[in-house]
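Engineer: My structure is stored as protein08.cif, with mmCIF, C-alpha atoms.
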```cif
data_start
#
loop_
_atom_site.label_atom_id
_atom_site.label_comp_id
_atom_site.auth_asym_id
_atom_site.auth_seq_id
_atom_site.Cartn_x
_atom_site.Cartn_y
_atom_site.Cartn_z
CA ASN S 1 4.67 -20.27 -14.19
CA GLY S 2 8.35 -21.16 -14.06
CA GLU S 3 11.49 -19.13 -13.53
CA ALA S 4 10.12 -16.08 -15.34
CA TYR S 5 7.39 -15.70 -12.72
CA ARG S 6 8.36 -13.00 -10.16
CA PRO S 7 5.73 -12.66 -7.43
CA VAL S 8 6.40 -9.55 -5.32
CA ALA S 9 3.16 -9.19 -3.34
CA LEU S 10 0.09 -11.18 -2.45
CA THR S 11 -3.19 -10.84 -0.65
CA ILE S 12 -6.42 -12.75 -0.15
CA ARG S 13 -9.71 -11.59 -1.68
CA GLY S 14 -12.58 -13.86 -0.70
CA ASP S 15 -11.68 -17.30 -2.05
CA GLU S 16 -8.84 -16.02 -4.27
CA LEU S 17 -5.13 -15.58 -3.71
CA LEU S 18 -4.03 -12.49 -5.66
CA VAL S 19 -0.38 -12.45 -6.75
CA ALA S 20 1.44 -9.45 -8.26
CA ASP S 21 3.86 -10.71 -10.94
CA VAL S 22 6.28 -8.01 -12.11
CA THR S 23 7.76 -10.11 -14.91
CA GLY S 24 4.35 -10.77 -16.45
CA ALA S 25 3.20 -7.22 -15.59
CA GLN S 26 -0.05 -8.57 -14.22
CA VAL S 27 -1.95 -9.65 -11.14
CA ASP S 28 -2.98 -13.31 -11.16
CA ALA S 29 -5.93 -14.67 -9.18
CA PHE S 30 -5.71 -18.27 -8.00
CA SER S 31 -8.49 -20.27 -6.38
CA THR S 32 -7.69 -20.99 -2.73
CA THR S 33 -9.66 -24.23 -2.94
CA ASP S 34 -7.93 -25.91 -5.90
CA GLY S 35 -5.00 -23.63 -6.81
CA ARG S 36 -6.06 -23.05 -10.42
CA LEU S 37 -5.55 -19.70 -12.13
CA THR S 38 -8.99 -18.10 -12.41
CA ARG S 39 -8.13 -14.77 -14.06
CA SER S 40 -5.38 -12.22 -14.67
CA ILE S 41 -5.39 -8.44 -14.55
CA ALA S 42 -3.02 -6.61 -16.87
CA ALA S 43 -3.40 -2.85 -17.09
CA SER S 44 -1.38 -0.51 -19.24
CA GLY S 45 -2.05 2.80 -20.85
CA ALA S 46 -0.45 5.82 -22.48
CA GLY S 47 2.65 3.77 -23.34
CA GLN S 48 3.31 3.01 -19.67
CA GLN S 49 4.04 -0.58 -18.68
CA PHE S 50 2.09 -1.89 -15.71
CA PHE S 51 4.45 -2.76 -12.83
CA PRO S 52 2.38 -4.11 -9.90
CA MET S 53 4.39 -3.92 -6.67
CA GLY S 54 1.79 -3.95 -3.89
CA LEU S 55 -1.67 -5.39 -3.29
CA ALA S 56 -4.40 -4.77 -0.74
CA VAL S 57 -8.11 -5.51 -0.44
CA ASP S 58 -10.57 -3.39 1.52
CA SER S 59 -13.63 -4.53 3.49
CA THR S 60 -15.89 -4.09 0.43
CA GLY S 61 -13.71 -6.37 -1.72
CA ARG S 62 -12.10 -3.65 -3.83
CA THR S 63 -8.54 -4.54 -4.84
CA TYR S 64 -5.81 -1.88 -4.75
CA VAL S 65 -2.69 -2.33 -6.88
CA ALA S 66 0.39 -0.13 -6.45
CA ASP S 67 1.69 0.49 -10.00
CA MET S 68 5.29 1.55 -9.44
CA MET S 69 6.04 2.55 -13.05
CA GLY S 70 2.71 4.35 -13.47
CA GLY S 71 3.17 6.25 -10.20
CA CYS S 72 -0.38 5.52 -9.07
CA VAL S 73 -2.71 3.06 -7.38
CA LEU S 74 -5.27 1.28 -9.53
CA VAL S 75 -8.53 0.17 -7.92
CA PHE S 76 -10.38 -2.89 -9.24
CA GLY S 77 -13.79 -4.30 -8.43
CA SER S 78 -14.76 -7.72 -9.78
CA ASP S 79 -14.02 -6.56 -13.34
CA PRO S 80 -10.48 -6.65 -14.80
CA THR S 81 -10.78 -2.96 -15.76
CA PRO S 82 -9.77 -0.37 -13.15
CA THR S 83 -12.71 1.51 -11.63
CA GLN S 84 -10.52 4.26 -10.16
CA THR S 85 -6.98 5.62 -10.29
CA ILE S 86 -5.53 7.19 -7.16
CA GLY S 87 -2.60 9.56 -7.59
CA ARG S 88 -0.41 10.04 -10.62
CA ARG S 89 3.25 10.52 -11.39
CA GLY S 90 4.26 14.06 -10.49
CA ASP S 91 5.50 16.33 -7.74
CA ARG S 92 2.32 17.96 -6.39
CA TYR S 93 0.38 16.95 -3.28
CA GLY S 94 -1.29 13.60 -3.95
CA ASP S 95 1.16 12.70 -6.73
CA MET S 96 3.47 9.73 -6.36
CA GLY S 97 6.96 8.75 -7.45
CA GLN S 98 7.36 5.03 -6.81
CA PRO S 99 4.47 3.48 -4.90
CA ARG S 100 5.82 0.19 -3.61
CA HIS S 101 3.38 -1.30 -1.16
CA LEU S 102 0.04 -0.45 0.38
CA ALA S 103 -2.44 -1.39 3.08
CA VAL S 104 -6.00 -0.45 3.94
CA GLY S 105 -6.89 0.45 7.52
CA PRO S 106 -10.07 -0.75 9.23
CA ASP S 107 -11.55 2.71 8.63
CA GLY S 108 -10.93 2.48 4.86
CA VAL S 109 -7.85 4.75 4.84
CA LEU S 110 -5.38 3.69 2.13
CA PHE S 111 -1.68 3.85 3.09
CA VAL S 112 0.81 3.92 0.19
CA ALA S 113 4.58 3.59 0.75
CA ASP S 114 6.29 5.86 -1.80
CA ALA S 115 9.98 5.00 -2.12
CA GLU S 116 10.86 7.97 -4.32
CA PHE S 117 9.26 10.66 -2.12
CA ALA S 118 10.29 8.91 1.13
CA HIS S 119 6.92 9.05 2.85
CA VAL S 120 3.59 7.27 3.19
CA HIS S 121 0.54 8.81 1.50
CA LEU S 122 -2.86 8.50 3.23
CA PHE S 123 -5.95 8.58 0.99
CA ASN S 124 -9.64 8.25 1.82
CA GLY S 125 -11.97 5.82 0.01
CA GLU S 126 -12.67 8.39 -2.72
CA GLY S 127 -8.95 8.72 -3.48
CA GLN S 128 -8.51 12.14 -1.87
CA LEU S 129 -5.19 12.81 -0.17
CA LEU S 130 -5.59 13.11 3.61
CA MET S 131 -1.97 13.61 4.70
CA PHE S 132 1.58 12.23 4.61
CA LEU S 133 3.57 10.34 7.23
CA GLY S 134 7.32 10.11 7.51
CA GLY S 135 9.94 11.82 5.42
CA PRO S 136 13.55 11.28 4.33
CA GLN S 137 15.10 11.96 7.75
CA ASP S 138 16.85 9.08 9.51
CA GLN S 139 15.32 9.82 12.93
CA PRO S 140 12.10 8.99 14.80
CA GLY S 141 9.13 9.63 12.54
CA GLY S 142 11.25 9.30 9.39
CA THR S 143 10.76 6.89 6.51
CA PRO S 144 13.98 7.27 4.48
CA LEU S 145 13.05 4.63 1.88
CA PRO S 146 9.65 3.08 2.66
CA VAL S 147 8.95 -0.14 0.79
CA GLY S 148 6.42 -1.99 2.95
CA VAL S 149 3.42 -1.20 5.14
CA ALA S 150 1.30 -3.32 7.48
CA ILE S 151 -1.67 -2.56 9.73
CA ALA S 152 -2.04 -3.94 13.26
CA PRO S 153 -5.09 -3.44 15.51
CA THR S 154 -2.91 -3.52 18.63
CA VAL S 155 0.74 -3.60 19.64
CA PRO S 156 2.49 -4.93 22.76
CA GLU S 157 1.99 -2.76 25.85
CA ARG S 158 5.61 -1.57 25.87
CA LEU S 159 4.99 0.01 22.43
CA ALA S 160 1.47 1.23 23.20
CA ALA S 161 2.90 3.02 26.27
CA LEU S 162 4.85 5.31 23.89
CA VAL S 163 1.60 6.84 22.57
CA PRO S 164 0.86 10.19 24.31
CA ALA S 165 -1.96 10.00 26.88
CA ASP S 166 -4.02 12.58 24.96
CA PHE S 167 -4.00 10.53 21.74
CA ASN S 168 -6.61 7.86 20.98
CA ALA S 169 -4.79 5.22 18.90
CA ARG S 170 -7.35 3.28 16.85
CA TYR S 171 -4.75 1.09 15.15
CA PHE S 172 -1.06 1.04 14.24
CA LEU S 173 0.93 1.28 11.02
CA PHE S 174 4.29 -0.44 10.55
CA VAL S 175 6.54 0.86 7.75
CA SER S 176 9.64 -0.98 6.54
CA ASN S 177 12.55 1.14 5.29
CA SER S 178 15.30 -0.13 2.96
CA VAL S 179 17.88 2.34 4.26
CA GLY S 180 18.69 4.17 7.47
CA SER S 181 19.23 3.10 11.04
CA ARG S 182 15.50 2.62 11.73
CA ARG S 183 14.42 -0.18 9.42
CA ILE S 184 10.92 -0.41 10.93
CA SER S 185 8.89 2.71 11.76
CA LEU S 186 5.73 2.54 13.87
CA PHE S 187 2.90 5.09 13.74
CA ALA S 188 -0.23 5.27 15.89
CA ILE S 189 -3.29 6.12 13.78
CA GLY S 190 -6.17 7.92 15.50
CA GLU S 191 -6.95 11.37 16.89
CA ARG S 192 -6.29 13.62 19.83
CA ARG S 193 -8.75 13.34 22.70
#
```
Could you spell out this file's structure in structure tokens?

Structural biologist:
Amino acid sequence: NGEAYRPVALTIRGDELLVADVTGAQVDAFSTTDGRLTRSIAASGAGQQFFPMGLAVDSTGRTYVADMMGGCVLVFGSDPTPTQTIGRRGDRYGDMGQPRHLAVGPDGVLFVADAEFAHVHLFNGEGQLLMFLGGPQDQPGGTPLPVGVAIAPTVPERLAALVPADFNARYFLFVSNSVGSRRISLFAIGERR
């Protein structure tokens, strides 16, 4: 799509490559077999421009789009119309400032990096807030300006050894930070034994 095309995130959904284009304010789906554009998703409402910054797909095939300007996550099925909105712009629990990137854990938990509020939101599959991780502090456990998240089923033993013995780590969350001395934060996701 030329120089005006600004892809900022991508993910695979079945046989499609989904690409978030902030210049076009849309998510484009390309066939992974022949590279042709199969459809585009452009969502806007209430005078707010759609600004897709992050993409993720869960095990059921639902697509999650972090809309940075809308301060929310839009959820899409196979239809180009959102089936659900998670969060909204605001300052109450569950509200978001600038959702930048997101990931879905193997248990269906949605992790949303919020650059404005300096933490990661955790939502369940119904869009209910579970908790926050991080915070603006530049110390262990902090996420001073989170912009990226990634899920890993395991980590090297030297990192896994840092998890307390009474905690059952089911998987791990990496968070990239644009500022601070700790540019990558690592969280173990699970429960106490």

Engineer: May I have the residues within 10 Å of segment 22-36 of chain S as a ChimeraX atom specification, using all atoms listed in the file and disregarding those fewer than 5 positions away in the same chain?

Structural biologist: /S:1,3-17,41-44,49-55,65,67-68,80

Engineer: Store the residues picked out above, limited to C-alpha atoms, as a short mmCIF file (atom, residue, chain, number, x, y, z; two decimals), keeping the file's coordinate frame.

Structural biologist:
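Writing the result to out.cif gives the following:
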```cif
data_model
loop_
_atom_site.label_atom_id
_atom_site.label_comp_id
_atom_site.auth_asym_id
_atom_site.auth_seq_id
_atom_site.Cartn_x
_atom_site.Cartn_y
_atom_site.Cartn_z
CA ASN S 1 4.67 -20.27 -14.19
CA GLU S 3 11.49 -19.13 -13.53
CA ALA S 4 10.12 -16.08 -15.34
CA TYR S 5 7.39 -15.70 -12.72
CA ARG S 6 8.36 -13.00 -10.16
CA PRO S 7 5.73 -12.66 -7.43
CA VAL S 8 6.40 -9.55 -5.32
CA ALA S 9 3.16 -9.19 -3.34
CA LEU S 10 0.09 -11.18 -2.45
CA THR S 11 -3.19 -10.84 -0.65
CA ILE S 12 -6.42 -12.75 -0.15
CA ARG S 13 -9.71 -11.59 -1.68
CA GLY S 14 -12.58 -13.86 -0.70
CA ASP S 15 -11.68 -17.30 -2.05
CA GLU S 16 -8.84 -16.02 -4.27
CA LEU S 17 -5.13 -15.58 -3.71
CA ILE S 41 -5.39 -8.44 -14.55
CA ALA S 42 -3.02 -6.61 -16.87
CA ALA S 43 -3.40 -2.85 -17.09
CA SER S 44 -1.38 -0.51 -19.24
CA GLN S 49 4.04 -0.58 -18.68
CA PHE S 50 2.09 -1.89 -15.71
CA PHE S 51 4.45 -2.76 -12.83
CA PRO S 52 2.38 -4.11 -9.90
CA MET S 53 4.39 -3.92 -6.67
CA GLY S 54 1.79 -3.95 -3.89
CA LEU S 55 -1.67 -5.39 -3.29
CA VAL S 65 -2.69 -2.33 -6.88
CA ASP S 67 1.69 0.49 -10.00
CA MET S 68 5.29 1.55 -9.44
CA PRO S 80 -10.48 -6.65 -14.80
#
```

Engineer: Take the PyMOL selection byres ((chain S and resi 75) around 8), run it mentally on this structure, and tell me the resulting residues as a list of chain:residue names.

Structural biologist: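 In the shown coordinates, the PyMOL selection byres ((chain S and resi 75) around 8) covers S:Arg62, S:Thr63, S:Tyr64, S:Val65, S:Val73, S:Leu74, S:Phe76, S:Gly77, S:Pro82, S:Thr83, S:Gln84, S:Thr85, S:Ile86.
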
Engineer: What does the distance from atom CA of Gly142 of chain S to atom CA of Gly190 of chain S come to in Å, to one decimal?

Structural biologist: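 Computing it gives 18.5 Å between the two atoms.
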
Engineer: Write out as JSON, numbers by chain the residues lying within 6 Å of Leu110 of chain S, counting only C-alpha atoms and excluding same-chain residues fewer than 4 positions away.

Structural biologist: {"S": [103, 104, 122, 123]}

Engineer: Might you spell out which residues the PyMOL selection byres ((chain S and resi 100) around 12) would select in the displayed file, as an mmCIF file with C-alpha atoms, in the coordinates of the input?

Structural biologist:
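As a result, out-v6.cif now contains:
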```cif
data_model
loop_
_atom_site.group_PDB
_atom_site.id
_atom_site.type_symbol
_atom_site.label_atom_id
_atom_site.label_comp_id
_atom_site.auth_asym_id
_atom_site.auth_seq_id
_atom_site.Cartn_x
_atom_site.Cartn_y
_atom_site.Cartn_z
ATOM 1 C CA VAL S 8 6.400 -9.550 -5.320
ATOM 2 C CA ALA S 9 3.160 -9.190 -3.340
ATOM 3 C CA ALA S 20 1.440 -9.450 -8.260
ATOM 4 C CA VAL S 22 6.280 -8.010 -12.110
ATOM 5 C CA PHE S 51 4.450 -2.760 -12.830
ATOM 6 C CA PRO S 52 2.380 -4.110 -9.900
ATOM 7 C CA MET S 53 4.390 -3.920 -6.670
ATOM 8 C CA GLY S 54 1.790 -3.950 -3.890
ATOM 9 C CA LEU S 55 -1.670 -5.390 -3.290
ATOM 10 C CA ALA S 56 -4.400 -4.770 -0.740
ATOM 11 C CA TYR S 64 -5.810 -1.880 -4.750
ATOM 12 C CA VAL S 65 -2.690 -2.330 -6.880
ATOM 13 C CA ALA S 66 0.390 -0.130 -6.450
ATOM 14 C CA ASP S 67 1.690 0.490 -10.000
ATOM 15 C CA MET S 68 5.290 1.550 -9.440
ATOM 16 C CA MET S 69 6.040 2.550 -13.050
ATOM 17 C CA GLY S 70 2.710 4.350 -13.470
ATOM 18 C CA GLY S 71 3.170 6.250 -10.200
ATOM 19 C CA CYS S 72 -0.380 5.520 -9.070
ATOM 20 C CA VAL S 73 -2.710 3.060 -7.380
ATOM 21 C CA MET S 96 3.470 9.730 -6.360
ATOM 22 C CA GLY S 97 6.960 8.750 -7.450
ATOM 23 C CA GLN S 98 7.360 5.030 -6.810
ATOM 24 C CA PRO S 99 4.470 3.480 -4.900
ATOM 25 C CA HIS S 101 3.380 -1.300 -1.160
ATOM 26 C CA LEU S 102 0.040 -0.450 0.380
ATOM 27 C CA ALA S 103 -2.440 -1.390 3.080
ATOM 28 C CA PHE S 111 -1.680 3.850 3.090
ATOM 29 C CA VAL S 112 0.810 3.920 0.190
ATOM 30 C CA ALA S 113 4.580 3.590 0.750
ATOM 31 C CA ASP S 114 6.290 5.860 -1.800
ATOM 32 C CA ALA S 115 9.980 5.000 -2.120
ATOM 33 C CA GLU S 116 10.860 7.970 -4.320
ATOM 34 C CA PHE S 117 9.260 10.660 -2.120
ATOM 35 C CA ALA S 118 10.290 8.910 1.130
ATOM 36 C CA HIS S 119 6.920 9.050 2.850
ATOM 37 C CA VAL S 120 3.590 7.270 3.190
ATOM 38 C CA HIS S 121 0.540 8.810 1.500
ATOM 39 C CA LEU S 145 13.050 4.630 1.880
ATOM 40 C CA PRO S 146 9.650 3.080 2.660
ATOM 41 C CA VAL S 147 8.950 -0.140 0.790
ATOM 42 C CA GLY S 148 6.420 -1.990 2.950
ATOM 43 C CA VAL S 149 3.420 -1.200 5.140
ATOM 44 C CA VAL S 175 6.540 0.860 7.750
ATOM 45 C CA SER S 176 9.640 -0.980 6.540
ATOM 46 C CA ASN S 177 12.550 1.140 5.290
ATOM 47 C CA SER S 178 15.300 -0.130 2.960
#
```

Engineer: Which distance in Å separates atom CA of Asp79 of chain S and atom CA of Ser40 of chain S, to one decimal?

Structural biologist: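 Atom CA of Asp79 of chain S sits 10.4 Å away from atom CA of Ser40 of chain S.
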
Engineer: Report as a list in words all protein, DNA and RNA residues lying within 12 Å of Leu159 of chain S, evaluated on all atoms listed in the file, omitting residues in the same chain fewer than 2 positions from it.

Structural biologist: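 Residues meeting the cut-off are Thr154, Val155, Pro156, Glu157, Ala161, Leu162, Val163, Pro164, Ala169, Phe172, Phe174, Ser185, Leu186, Phe187 and Ala188 of chain S.
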
Engineer: I'd like to know which of S:Pro106, S:Gly61, S:Gly127, S:Gly134 is closest to Arg182 of chain S, using only C-alpha atoms.

Structural biologist: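 Comparing S:Pro106, S:Gly61, S:Gly127, S:Gly134 against Arg182 of chain S, the winner is S:Gly134.
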
Engineer: Using all atoms listed in the file, pick whichever of S:Gly125, S:Gly105, S:Gly180, S:Gly94 has the shortest atom-to-atom distance to Pro144 of chain S.

Structural biologist: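 For Pro144 of chain S, the nearest of the given residues is S:Gly180.
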
Engineer: To one decimal place in Å, what is the distance between atom CA of Gly141 of chain S and atom CA of Asp58 of chain S?

Structural biologist: 26.1 Å

Engineer: My list of candidates is S:Asn168, S:Val179, S:Ala150, S:Asp95. Which is closest to Phe132 of chain S when distances are computed with all atoms listed in the file?

Structural biologist: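 When distances to Phe132 of chain S are compared using all atoms listed in the file, the smallest one comes from S:Asp95.
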
Engineer: Of the candidates S:Phe167, S:Arg92, S:Gly108, S:Leu173, which one gets nearest to Asn124 of chain S if we count only C-alpha atoms?

Structural biologist: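 For Asn124 of chain S, the nearest of the candidates is S:Gly108.
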
Engineer: Which residue, S:Leu129, S:Val109, S:Leu37, S:Ala165, has the smallest gap to Val19 of chain S when you use all atoms listed in the file?

Structural biologist: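 With all atoms listed in the file as the atom set, the closest residue is S:Leu37.
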
Engineer: With distances taken over all atoms listed in the file, which residue among S:Arg192, S:Gln139, S:Asp107, S:Ser181 lies nearest Ile151 of chain S?

Structural biologist: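 When distances to Ile151 of chain S are compared using all atoms listed in the file, the smallest one comes from S:Asp107.
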
Engineer: Please write a file for segment 51-62 of chain S, taken from the block I just shared, that holds all heavy atoms and is laid out as a PDB file, in the first residue's frame.

Structural biologist:
```
ATOM      1  N   PHE S  51      -7.639   3.861  16.009  1.00  0.00           N
ATOM      2  CA  PHE S  51      -6.175   3.891  15.968  1.00  0.00           C
ATOM      3  C   PHE S  51      -5.668   2.545  16.465  1.00  0.00           C
ATOM      4  O   PHE S  51      -5.296   2.393  17.630  1.00  0.00           O
ATOM      5  CB  PHE S  51      -5.656   5.037  16.839  1.00  0.00           C
ATOM      6  CG  PHE S  51      -4.272   5.499  16.485  1.00  0.00           C
ATOM      7  CD1 PHE S  51      -4.067   6.418  15.471  1.00  0.00           C
ATOM      8  CD2 PHE S  51      -3.182   5.024  17.176  1.00  0.00           C
ATOM      9  CE1 PHE S  51      -2.795   6.863  15.158  1.00  0.00           C
ATOM     10  CE2 PHE S  51      -1.906   5.453  16.873  1.00  0.00           C
ATOM     11  CZ  PHE S  51      -1.710   6.367  15.858  1.00  0.00           C
ATOM     12  N   PRO S  52      -5.671   1.516  15.593  1.00  0.00           N
ATOM     13  CA  PRO S  52      -5.277   0.171  16.022  1.00  0.00           C
ATOM     14  C   PRO S  52      -3.777   0.065  16.273  1.00  0.00           C
ATOM     15  O   PRO S  52      -2.977   0.272  15.378  1.00  0.00           O
ATOM     16  CB  PRO S  52      -5.703  -0.706  14.849  1.00  0.00           C
ATOM     17  CG  PRO S  52      -5.614   0.193  13.649  1.00  0.00           C
ATOM     18  CD  PRO S  52      -5.971   1.565  14.155  1.00  0.00           C
ATOM     19  N   MET S  53      -3.407  -0.263  17.523  1.00  0.00           N
ATOM     20  CA  MET S  53      -1.990  -0.360  17.883  1.00  0.00           C
ATOM     21  C   MET S  53      -1.537  -1.776  18.208  1.00  0.00           C
ATOM     22  O   MET S  53      -0.362  -2.073  18.121  1.00  0.00           O
ATOM     23  CB  MET S  53      -1.699   0.522  19.101  1.00  0.00           C
ATOM     24  CG  MET S  53      -1.607   1.986  18.797  1.00  0.00           C
ATOM     25  SD  MET S  53      -0.239   2.406  17.700  1.00  0.00           S
ATOM     26  CE  MET S  53       1.167   2.082  18.736  1.00  0.00           C
ATOM     27  N   GLY S  54      -2.439  -2.653  18.615  1.00  0.00           N
ATOM     28  CA  GLY S  54      -2.052  -4.001  18.986  1.00  0.00           C
ATOM     29  C   GLY S  54      -3.084  -4.999  18.512  1.00  0.00           C
ATOM     30  O   GLY S  54      -4.266  -4.671  18.390  1.00  0.00           O
ATOM     31  N   LEU S  55      -2.628  -6.214  18.240  1.00  0.00           N
ATOM     32  CA  LEU S  55      -3.503  -7.286  17.756  1.00  0.00           C
ATOM     33  C   LEU S  55      -3.190  -8.581  18.495  1.00  0.00           C
ATOM     34  O   LEU S  55      -2.030  -8.862  18.798  1.00  0.00           O
ATOM     35  CB  LEU S  55      -3.274  -7.544  16.263  1.00  0.00           C
ATOM     36  CG  LEU S  55      -3.605  -6.433  15.283  1.00  0.00           C
ATOM     37  CD1 LEU S  55      -3.080  -6.791  13.903  1.00  0.00           C
ATOM     38  CD2 LEU S  55      -5.098  -6.201  15.240  1.00  0.00           C
ATOM     39  N   ALA S  56      -4.228  -9.356  18.744  1.00  0.00           N
ATOM     40  CA  ALA S  56      -4.050 -10.699  19.304  1.00  0.00           C
ATOM     41  C   ALA S  56      -5.250 -11.536  18.887  1.00  0.00           C
ATOM     42  O   ALA S  56      -6.326 -11.002  18.608  1.00  0.00           O
ATOM     43  CB  ALA S  56      -3.936 -10.651  20.821  1.00  0.00           C
ATOM     44  N   VAL S  57      -5.053 -12.836  18.852  1.00  0.00           N
ATOM     45  CA  VAL S  57      -6.119 -13.776  18.520  1.00  0.00           C
ATOM     46  C   VAL S  57      -6.146 -14.838  19.613  1.00  0.00           C
ATOM     47  O   VAL S  57      -5.096 -15.344  20.019  1.00  0.00           O
ATOM     48  CB  VAL S  57      -5.876 -14.431  17.140  1.00  0.00           C
ATOM     49  CG1 VAL S  57      -6.916 -15.492  16.838  1.00  0.00           C
ATOM     50  CG2 VAL S  57      -5.870 -13.369  16.040  1.00  0.00           C
ATOM     51  N   ASP S  58      -7.354 -15.171  20.100  1.00  0.00           N
ATOM     52  CA  ASP S  58      -7.444 -16.195  21.131  1.00  0.00           C
ATOM     53  C   ASP S  58      -7.677 -17.575  20.499  1.00  0.00           C
ATOM     54  O   ASP S  58      -7.768 -17.704  19.276  1.00  0.00           O
ATOM     55  CB  ASP S  58      -8.497 -15.852  22.186  1.00  0.00           C
ATOM     56  CG  ASP S  58      -9.933 -15.921  21.700  1.00  0.00           C
ATOM     57  OD1 ASP S  58     -10.205 -16.481  20.617  1.00  0.00           O
ATOM     58  OD2 ASP S  58     -10.813 -15.408  22.423  1.00  0.00           O
ATOM     59  N   SER S  59      -7.773 -18.596  21.332  1.00  0.00           N
ATOM     60  CA  SER S  59      -7.887 -19.975  20.838  1.00  0.00           C
ATOM     61  C   SER S  59      -9.201 -20.239  20.109  1.00  0.00           C
ATOM     62  O   SER S  59      -9.308 -21.201  19.359  1.00  0.00           O
ATOM     63  CB  SER S  59      -7.728 -20.966  21.995  1.00  0.00           C
ATOM     64  OG  SER S  59      -8.761 -20.769  22.941  1.00  0.00           O
ATOM     65  N   THR S  60     -10.209 -19.381  20.300  1.00  0.00           N
ATOM     66  CA  THR S  60     -11.485 -19.555  19.597  1.00  0.00           C
ATOM     67  C   THR S  60     -11.528 -18.793  18.282  1.00  0.00           C
ATOM     68  O   THR S  60     -12.506 -18.873  17.549  1.00  0.00           O
ATOM     69  CB  THR S  60     -12.668 -19.097  20.478  1.00  0.00           C
ATOM     70  OG1 THR S  60     -12.588 -17.680  20.666  1.00  0.00           O
ATOM     71  CG2 THR S  60     -12.668 -19.812  21.818  1.00  0.00           C
ATOM     72  N   GLY S  61     -10.476 -18.026  17.989  1.00  0.00           N
ATOM     73  CA  GLY S  61     -10.417 -17.267  16.743  1.00  0.00           C
ATOM     74  C   GLY S  61     -10.890 -15.832  16.862  1.00  0.00           C
ATOM     75  O   GLY S  61     -10.906 -15.094  15.878  1.00  0.00           O
ATOM     76  N   ARG S  62     -11.283 -15.405  18.076  1.00  0.00           N
ATOM     77  CA  ARG S  62     -11.668 -14.001  18.242  1.00  0.00           C
ATOM     78  C   ARG S  62     -10.428 -13.125  18.115  1.00  0.00           C
ATOM     79  O   ARG S  62      -9.349 -13.459  18.629  1.00  0.00           O
ATOM     80  CB  ARG S  62     -12.330 -13.762  19.592  1.00  0.00           C
ATOM     81  CG  ARG S  62     -13.666 -14.434  19.728  1.00  0.00           C
ATOM     82  CD  ARG S  62     -14.414 -14.028  20.979  1.00  0.00           C
ATOM     83  NE  ARG S  62     -13.618 -14.236  22.181  1.00  0.00           N
ATOM     84  CZ  ARG S  62     -13.981 -13.848  23.394  1.00  0.00           C
ATOM     85  NH1 ARG S  62     -15.124 -13.226  23.567  1.00  0.00           N
ATOM     86  NH2 ARG S  62     -13.216 -14.084  24.431  1.00  0.00           N
TER      87      ARG S  62
END
```
